[in-house]
>>> print(open('coords_38.txt').read())   # compact mmCIF, C-alpha atoms
# COMPACT_ATOMS: atom_id res chain seq x y z
CA GLN A 1438 -77.93 50.86 106.88
CA LYS A 1439 -80.62 53.24 108.03
CA GLU A 1440 -81.02 53.68 111.75
CA VAL A 1441 -84.70 52.77 111.64
CA GLU A 1442 -86.11 50.65 108.84
CA GLN A 1443 -89.61 49.69 107.86
CA ASN A 1444 -91.10 47.85 104.91
CA SER A 1445 -92.73 50.53 102.80
CA GLY A 1446 -95.58 48.23 101.85
CA PRO A 1447 -98.27 48.61 100.89
CA LEU A 1448 -99.59 46.05 103.32
CA SER A 1449 -103.11 44.96 102.50
CA VAL A 1450 -105.31 43.11 104.97
CA PRO A 1451 -109.03 42.29 104.98
CA GLU A 1452 -111.34 43.99 107.42
CA GLY A 1453 -111.34 42.23 110.79
CA ALA A 1454 -107.89 40.70 110.35
CA ILE A 1455 -104.76 41.43 112.35
CA ALA A 1456 -102.35 43.85 110.71
CA SER A 1457 -98.71 43.42 111.69
CA LEU A 1458 -96.29 46.29 111.11
CA ASN A 1459 -92.59 45.84 111.76
CA CYS A 1460 -89.63 48.06 112.34
CA THR A 1461 -85.95 47.22 112.88
CA TYR A 1462 -83.28 49.47 114.25
CA SER A 1463 -79.52 49.46 114.20
CA ASP A 1464 -78.56 51.35 117.36
CA ARG A 1465 -78.61 49.12 120.42
CA GLY A 1466 -78.66 52.27 122.51
CA SER A 1467 -82.22 53.06 121.41
CA GLN A 1468 -84.36 52.75 124.51
CA SER A 1469 -87.83 53.61 123.34
CA PHE A 1470 -90.01 53.94 120.28
CA PHE A 1471 -93.04 55.82 119.10
CA TRP A 1472 -95.63 54.61 116.62
CA TYR A 1473 -97.37 57.30 114.61
CA ARG A 1474 -100.27 57.05 112.19
CA GLN A 1475 -100.44 59.44 109.26
CA TYR A 1476 -103.48 59.76 107.06
CA SER A 1477 -102.93 61.09 103.56
CA GLY A 1478 -102.60 64.87 103.61
CA LYS A 1479 -102.56 65.02 107.40
CA SER A 1480 -99.83 65.26 110.01
CA PRO A 1481 -98.70 62.25 112.09
CA GLU A 1482 -100.71 61.27 115.14
CA LEU A 1483 -99.04 59.56 118.10
CA ILE A 1484 -100.71 56.23 118.84
CA MET A 1485 -98.25 54.28 120.99
CA PHE A 1486 -95.09 54.79 122.99
CA ILE A 1487 -93.10 51.79 124.21
CA TYR A 1488 -89.90 51.78 126.24
CA SER A 1489 -89.83 48.37 127.90
CA ASN A 1490 -89.12 44.97 126.45
CA GLY A 1491 -92.30 43.05 125.85
CA ASP A 1492 -95.82 44.08 124.92
CA LYS A 1493 -97.87 47.18 125.53
CA GLU A 1494 -101.55 47.10 124.74
CA ASP A 1495 -103.93 49.99 124.13
CA GLY A 1496 -107.33 49.05 122.80
CA ARG A 1497 -106.92 47.32 119.45
CA PHE A 1498 -103.23 48.24 119.29
CA THR A 1499 -100.34 46.24 120.73
CA ALA A 1500 -96.76 47.42 120.48
CA GLN A 1501 -93.97 44.91 120.96
CA LEU A 1502 -90.35 45.74 121.65
CA ASN A 1503 -87.55 43.19 121.48
CA LYS A 1504 -84.27 44.84 122.36
CA ALA A 1505 -82.20 41.69 121.91
CA SER A 1506 -83.35 41.31 118.31
CA GLN A 1507 -83.64 45.05 117.74
CA TYR A 1508 -87.13 45.14 116.40
CA VAL A 1509 -90.34 46.82 117.34
CA SER A 1510 -93.75 45.94 115.96
CA LEU A 1511 -97.30 47.18 116.01
CA LEU A 1512 -100.26 44.82 115.84
CA ILE A 1513 -103.69 46.13 114.99
CA ARG A 1514 -106.47 43.71 115.87
CA ASP A 1515 -109.86 43.71 114.17
CA SER A 1516 -108.53 46.01 111.45
CA GLN A 1517 -110.99 48.57 110.12
CA PRO A 1518 -110.98 50.50 106.83
CA SER A 1519 -110.41 53.62 108.95
CA ASP A 1520 -107.04 52.15 109.96
CA SER A 1521 -105.83 52.59 106.38
CA ALA A 1522 -102.92 55.00 106.69
CA THR A 1523 -99.14 55.15 106.76
CA TYR A 1524 -97.63 53.97 110.02
CA LEU A 1525 -94.31 55.41 111.14
CA CYS A 1526 -92.05 54.07 113.84
CA ALA A 1527 -89.62 56.50 115.38
CA SER A 1528 -86.82 56.42 117.90
CA PRO A 1529 -86.51 59.52 120.09
CA ARG A 1530 -82.86 60.48 120.27
CA GLY A 1531 -83.09 64.17 120.98
CA LYS A 1532 -84.82 64.36 117.62
CA LEU A 1533 -87.06 61.68 116.18
CA ILE A 1534 -85.38 59.17 113.89
CA PHE A 1535 -88.15 57.96 111.60
CA GLY A 1536 -88.49 54.87 109.53
CA GLN A 1537 -89.79 55.44 106.02
CA GLY A 1538 -93.27 54.34 107.00
CA THR A 1539 -95.48 51.40 106.06
CA GLU A 1540 -98.65 52.03 104.09
CA LEU A 1541 -101.53 49.92 105.38
CA SER A 1542 -104.67 49.30 103.39
CA VAL A 1543 -107.63 47.58 105.07
CA LYS A 1544 -110.10 46.24 102.52
CA PRO A 1545 -113.80 46.03 103.45
CA GLY B 1281 -103.58 63.85 124.45
CA ALA B 1282 -101.55 67.01 124.15
CA VAL B 1283 -102.54 69.54 121.50
CA VAL B 1284 -100.27 71.40 119.12
CA SER B 1285 -101.73 74.03 116.82
CA GLN B 1286 -100.35 75.57 113.66
CA HIS B 1287 -101.37 78.74 111.91
CA PRO B 1288 -102.17 79.18 109.14
CA SER B 1289 -103.38 75.78 108.00
CA TRP B 1290 -102.79 76.74 104.39
CA VAL B 1291 -101.30 79.72 102.63
CA ILE B 1292 -100.76 80.82 99.05
CA CYS B 1293 -98.12 83.43 98.39
CA LYS B 1294 -96.33 84.96 95.45
CA SER B 1295 -92.76 84.13 94.59
CA GLY B 1296 -90.31 86.39 96.40
CA THR B 1297 -92.49 87.09 99.42
CA SER B 1298 -92.03 85.78 102.96
CA VAL B 1299 -94.42 83.62 104.94
CA LYS B 1300 -94.53 83.07 108.70
CA ILE B 1301 -95.92 79.88 110.22
CA GLU B 1302 -96.71 79.64 113.93
CA CYS B 1303 -96.58 76.51 116.06
CA ARG B 1304 -98.10 76.51 119.55
CA SER B 1305 -98.31 73.90 122.28
CA LEU B 1306 -101.71 74.55 123.83
CA ASP B 1307 -101.73 72.57 127.05
CA PHE B 1308 -98.11 71.78 127.80
CA GLN B 1309 -94.72 73.42 127.81
CA ALA B 1310 -92.32 72.54 125.02
CA THR B 1311 -88.66 73.22 125.55
CA THR B 1312 -87.98 71.76 122.15
CA MET B 1313 -89.95 72.04 118.93
CA PHE B 1314 -89.15 70.54 115.57
CA TRP B 1315 -89.92 71.67 112.03
CA TYR B 1316 -90.48 69.18 109.23
CA ARG B 1317 -91.24 69.39 105.56
CA GLN B 1318 -93.05 66.72 103.61
CA PHE B 1319 -93.46 66.47 99.86
CA PRO B 1320 -96.25 64.33 98.36
CA LYS B 1321 -95.74 60.59 98.77
CA GLN B 1322 -92.50 61.16 100.68
CA SER B 1323 -91.52 60.75 104.30
CA LEU B 1324 -91.13 63.56 106.79
CA MET B 1325 -87.88 65.47 106.48
CA LEU B 1326 -86.59 67.17 109.60
CA MET B 1327 -85.53 70.71 108.83
CA ALA B 1328 -84.47 72.04 112.22
CA THR B 1329 -84.66 71.65 115.96
CA SER B 1330 -85.81 74.70 117.87
CA ASN B 1331 -84.93 75.18 121.54
CA GLU B 1332 -86.57 77.86 123.62
CA GLY B 1333 -84.29 80.82 124.10
CA SER B 1334 -81.49 79.62 121.85
CA LYS B 1335 -80.63 79.39 118.19
CA ALA B 1336 -82.16 76.64 116.13
CA THR B 1337 -80.11 73.69 114.96
CA TYR B 1338 -80.54 73.08 111.25
CA GLU B 1339 -80.20 69.77 109.46
CA GLN B 1340 -77.63 69.42 106.73
CA GLY B 1341 -78.72 71.01 103.49
CA VAL B 1342 -81.32 73.32 105.06
CA GLU B 1343 -80.57 77.01 104.52
CA LYS B 1344 -80.82 78.77 107.85
CA ASP B 1345 -81.02 82.20 106.22
CA LYS B 1346 -83.98 81.09 104.14
CA PHE B 1347 -85.88 79.26 106.88
CA LEU B 1348 -85.79 81.50 109.92
CA ILE B 1349 -86.83 79.90 113.17
CA ASN B 1350 -87.65 81.66 116.40
CA HIS B 1351 -88.62 79.94 119.65
CA ALA B 1352 -89.51 82.85 121.86
CA SER B 1353 -91.40 81.03 124.60
CA LEU B 1354 -92.13 77.55 125.94
CA THR B 1355 -95.31 77.40 123.90
CA LEU B 1356 -94.50 79.17 120.63
CA SER B 1357 -92.10 78.62 117.75
CA THR B 1358 -92.26 80.31 114.36
CA LEU B 1359 -90.87 79.37 110.97
CA THR B 1360 -90.46 82.12 108.38
CA VAL B 1361 -89.87 81.10 104.79
CA THR B 1362 -88.07 84.08 103.26
CA SER B 1363 -88.10 84.93 99.58
CA ALA B 1364 -90.27 81.94 98.86
CA HIS B 1365 -90.04 80.18 95.49
CA PRO B 1366 -92.31 77.58 93.90
CA GLU B 1367 -89.95 74.78 94.95
CA ASP B 1368 -90.64 75.73 98.58
CA SER B 1369 -94.24 74.65 98.10
CA SER B 1370 -94.73 71.81 100.56
CA PHE B 1371 -96.47 70.61 103.71
CA TYR B 1372 -94.72 72.10 106.75
CA ILE B 1373 -95.32 70.35 110.06
CA CYS B 1374 -94.10 71.22 113.52
CA SER B 1375 -93.89 68.96 116.53
CA ALA B 1376 -93.45 69.82 120.18
CA GLU B 1377 -91.78 67.77 122.87
CA ASP B 1378 -93.59 67.72 126.19
CA ARG B 1379 -90.85 68.58 128.67
CA ALA B 1380 -92.59 66.44 131.30
CA SER B 1381 -92.98 63.21 129.32
CA TYR B 1382 -90.60 63.63 126.36
CA GLU B 1383 -93.41 62.53 124.05
CA GLN B 1384 -93.63 64.42 120.79
CA TYR B 1385 -96.87 65.71 119.38
CA PHE B 1386 -97.39 67.02 115.88
CA GLY B 1387 -99.26 70.07 114.76
CA PRO B 1388 -101.84 69.70 111.96
CA GLY B 1389 -99.46 71.08 109.36
CA THR B 1390 -99.40 74.10 107.05
CA ARG B 1391 -99.74 73.64 103.33
CA LEU B 1392 -97.71 76.30 101.53
CA THR B 1393 -98.19 77.01 97.85
CA VAL B 1394 -95.89 79.52 96.17
CA THR B 1395 -97.08 80.81 92.84
>>> encode(input="coords_38.txt", output="structure tokens")
Amino acid sequence: QKEVEQNSGPLSVPEGAIASLNCTYSDRGSQSFFWYRQYSGKSPELIMFIYSNGDKEDGRFTAQLNKASQYVSLLIRDSQPSDSATYLCASPRGKLIFGQGTELSVKP
Amino acid sequence: GAVVSQHPSWVICKSGTSVKIECRSLDFQATTMFWYRQFPKQSLMLMATSNEGSKATYEQGVEKDKFLINHASLTLSTLTVTSAHPEDSSFYICSAEDRASYEQYFGPGTRLTVT
């Protein structure tokens, strides 16, 4: 089992909808997670960092961490075509342990 | 947010030559920097962890004599691809860990093409 797992997608949602991206992890010792967005041909961009159980909101993005169930999710409200990218969750453990990424496509 | 730069952004070199890529943290100090490689349609692959003032730690399967890493200061790490071959053609990305917040920020990447 990989330490951090994501559905590779692609996940397709219509413009204006809520996109839900999920990530599960195997190490109960993981305390925090990053969400990165990577456009094709570009490097990853940090969009959220969550370390507490519960929700963290930043604009249209909400990260949710559930340590008991060992999952972390990212919700994107009012999805826009410009949100189309690969989303990576990562656990910082000295080095980043990445999931394989979920490709999101937002259709106009 | 914090800014990490890489230079050059793209480079074409001939087989057998060496290429140096620089990674700089512009507005924060980075005790630790990381070097990744990414092939098309694939996930990031960590190559090595670079700590300021000490030897880099390489991931399994990465040749340390081929990919030379130097982290001379809290804001600069370099990756030198020695005796490059066409199979080394890839997108090389560095990231830097802000020693104050432990958040990691990525550079824009360097696209290397070896002919």
>>> atom_distance(input="coords_38.txt", atom1="CA of Pro1518 (chain A)", atom2="CA of Pro1447 (chain A)")
14.2 Å
>>> axis_aligned_box(input="coords_38.txt", around="region 1298-1308 of chain B", padding_each_side="5 Å", output="AutoDock Vina command-line options")
--center_x -96.9 --center_y 78.8 --center_z 115.4 --size_x 19.7 --size_y 24.0 --size_z 34.8
>>> interface_residues(input="coords_38.txt", of="chain A", to="chain B", cutoff="7 Å", atoms="all atoms listed in the file", output="PyMOL selection string")
chain A and resi 1479-1483+1537
>>> closest_residue(input="coords_38.txt", among="A:Ser1516, A:Gln1507, A:Ser1477, A:Asn1490", to="Glu1440 (chain A)", atoms="all atoms listed in the file")
A:Gln1507
>>> closest_residue(input="coords_38.txt", among="A:Asn1444, A:Ser1521, A:Arg1465, A:Gly1453", to="Asn1503 (chain A)", atoms="only C-alpha atoms")
A:Arg1465
>>> atom_distance(input="coords_38.txt", atom1="CA of Val1284 (chain B)", atom2="CA of Asp1368 (chain B)")
23.1 Å
>>> residues_near_point(input="coords_38.txt", point="(-80.3, 54.4, 115.2)", cutoff="12 Å", atoms="only C-alpha atoms", output="list of chain:residue names")
A:Gln1438, A:Lys1439, A:Glu1440, A:Val1441, A:Glu1442, A:Cys1460, A:Thr1461, A:Tyr1462, A:Ser1463, A:Asp1464, A:Arg1465, A:Gly1466, A:Ser1467, A:Gln1468, A:Ser1469, A:Phe1470, A:Gln1507, A:Tyr1508, A:Cys1526, A:Ala1527, A:Ser1528, A:Pro1529, A:Arg1530, A:Gly1531, A:Lys1532, A:Leu1533, A:Ile1534, A:Phe1535, A:Gly1536
>>> residues_near_point(input="coords_38.txt", point="(-110.4, 52.5, 112.1)", cutoff="12 Å", atoms="all atoms listed in the file", output="MDAnalysis selection string")
chainID A and resid 1452:1453 1456 1474 1476 1496:1498 1513:1522 1541:1545
>>> write_last_selection(input="coords_38.txt", atoms="C-alpha atoms", output="CSV table (one decimal), in the coordinates of the input")
chain,number,residue,atom,x,y,z
A,1452,GLU,CA,-111.3,44.0,107.4
A,1453,GLY,CA,-111.3,42.2,110.8
A,1456,ALA,CA,-102.4,43.8,110.7
A,1474,ARG,CA,-100.3,57.0,112.2
A,1476,TYR,CA,-103.5,59.8,107.1
A,1496,GLY,CA,-107.3,49.0,122.8
A,1497,ARG,CA,-106.9,47.3,119.4
A,1498,PHE,CA,-103.2,48.2,119.3
A,1513,ILE,CA,-103.7,46.1,115.0
A,1514,ARG,CA,-106.5,43.7,115.9
A,1515,ASP,CA,-109.9,43.7,114.2
A,1516,SER,CA,-108.5,46.0,111.4
A,1517,GLN,CA,-111.0,48.6,110.1
A,1518,PRO,CA,-111.0,50.5,106.8
A,1519,SER,CA,-110.4,53.6,109.0
A,1520,ASP,CA,-107.0,52.2,110.0
A,1521,SER,CA,-105.8,52.6,106.4
A,1522,ALA,CA,-102.9,55.0,106.7
A,1541,LEU,CA,-101.5,49.9,105.4
A,1542,SER,CA,-104.7,49.3,103.4
A,1543,VAL,CA,-107.6,47.6,105.1
A,1544,LYS,CA,-110.1,46.2,102.5
A,1545,PRO,CA,-113.8,46.0,103.4
>>> closest_residue(input="coords_38.txt", among="B:Glu1302, B:Glu1367, B:Glu1339, B:Glu1332", to="His1351 (chain B)", atoms="all atoms listed in the file")
B:Glu1332
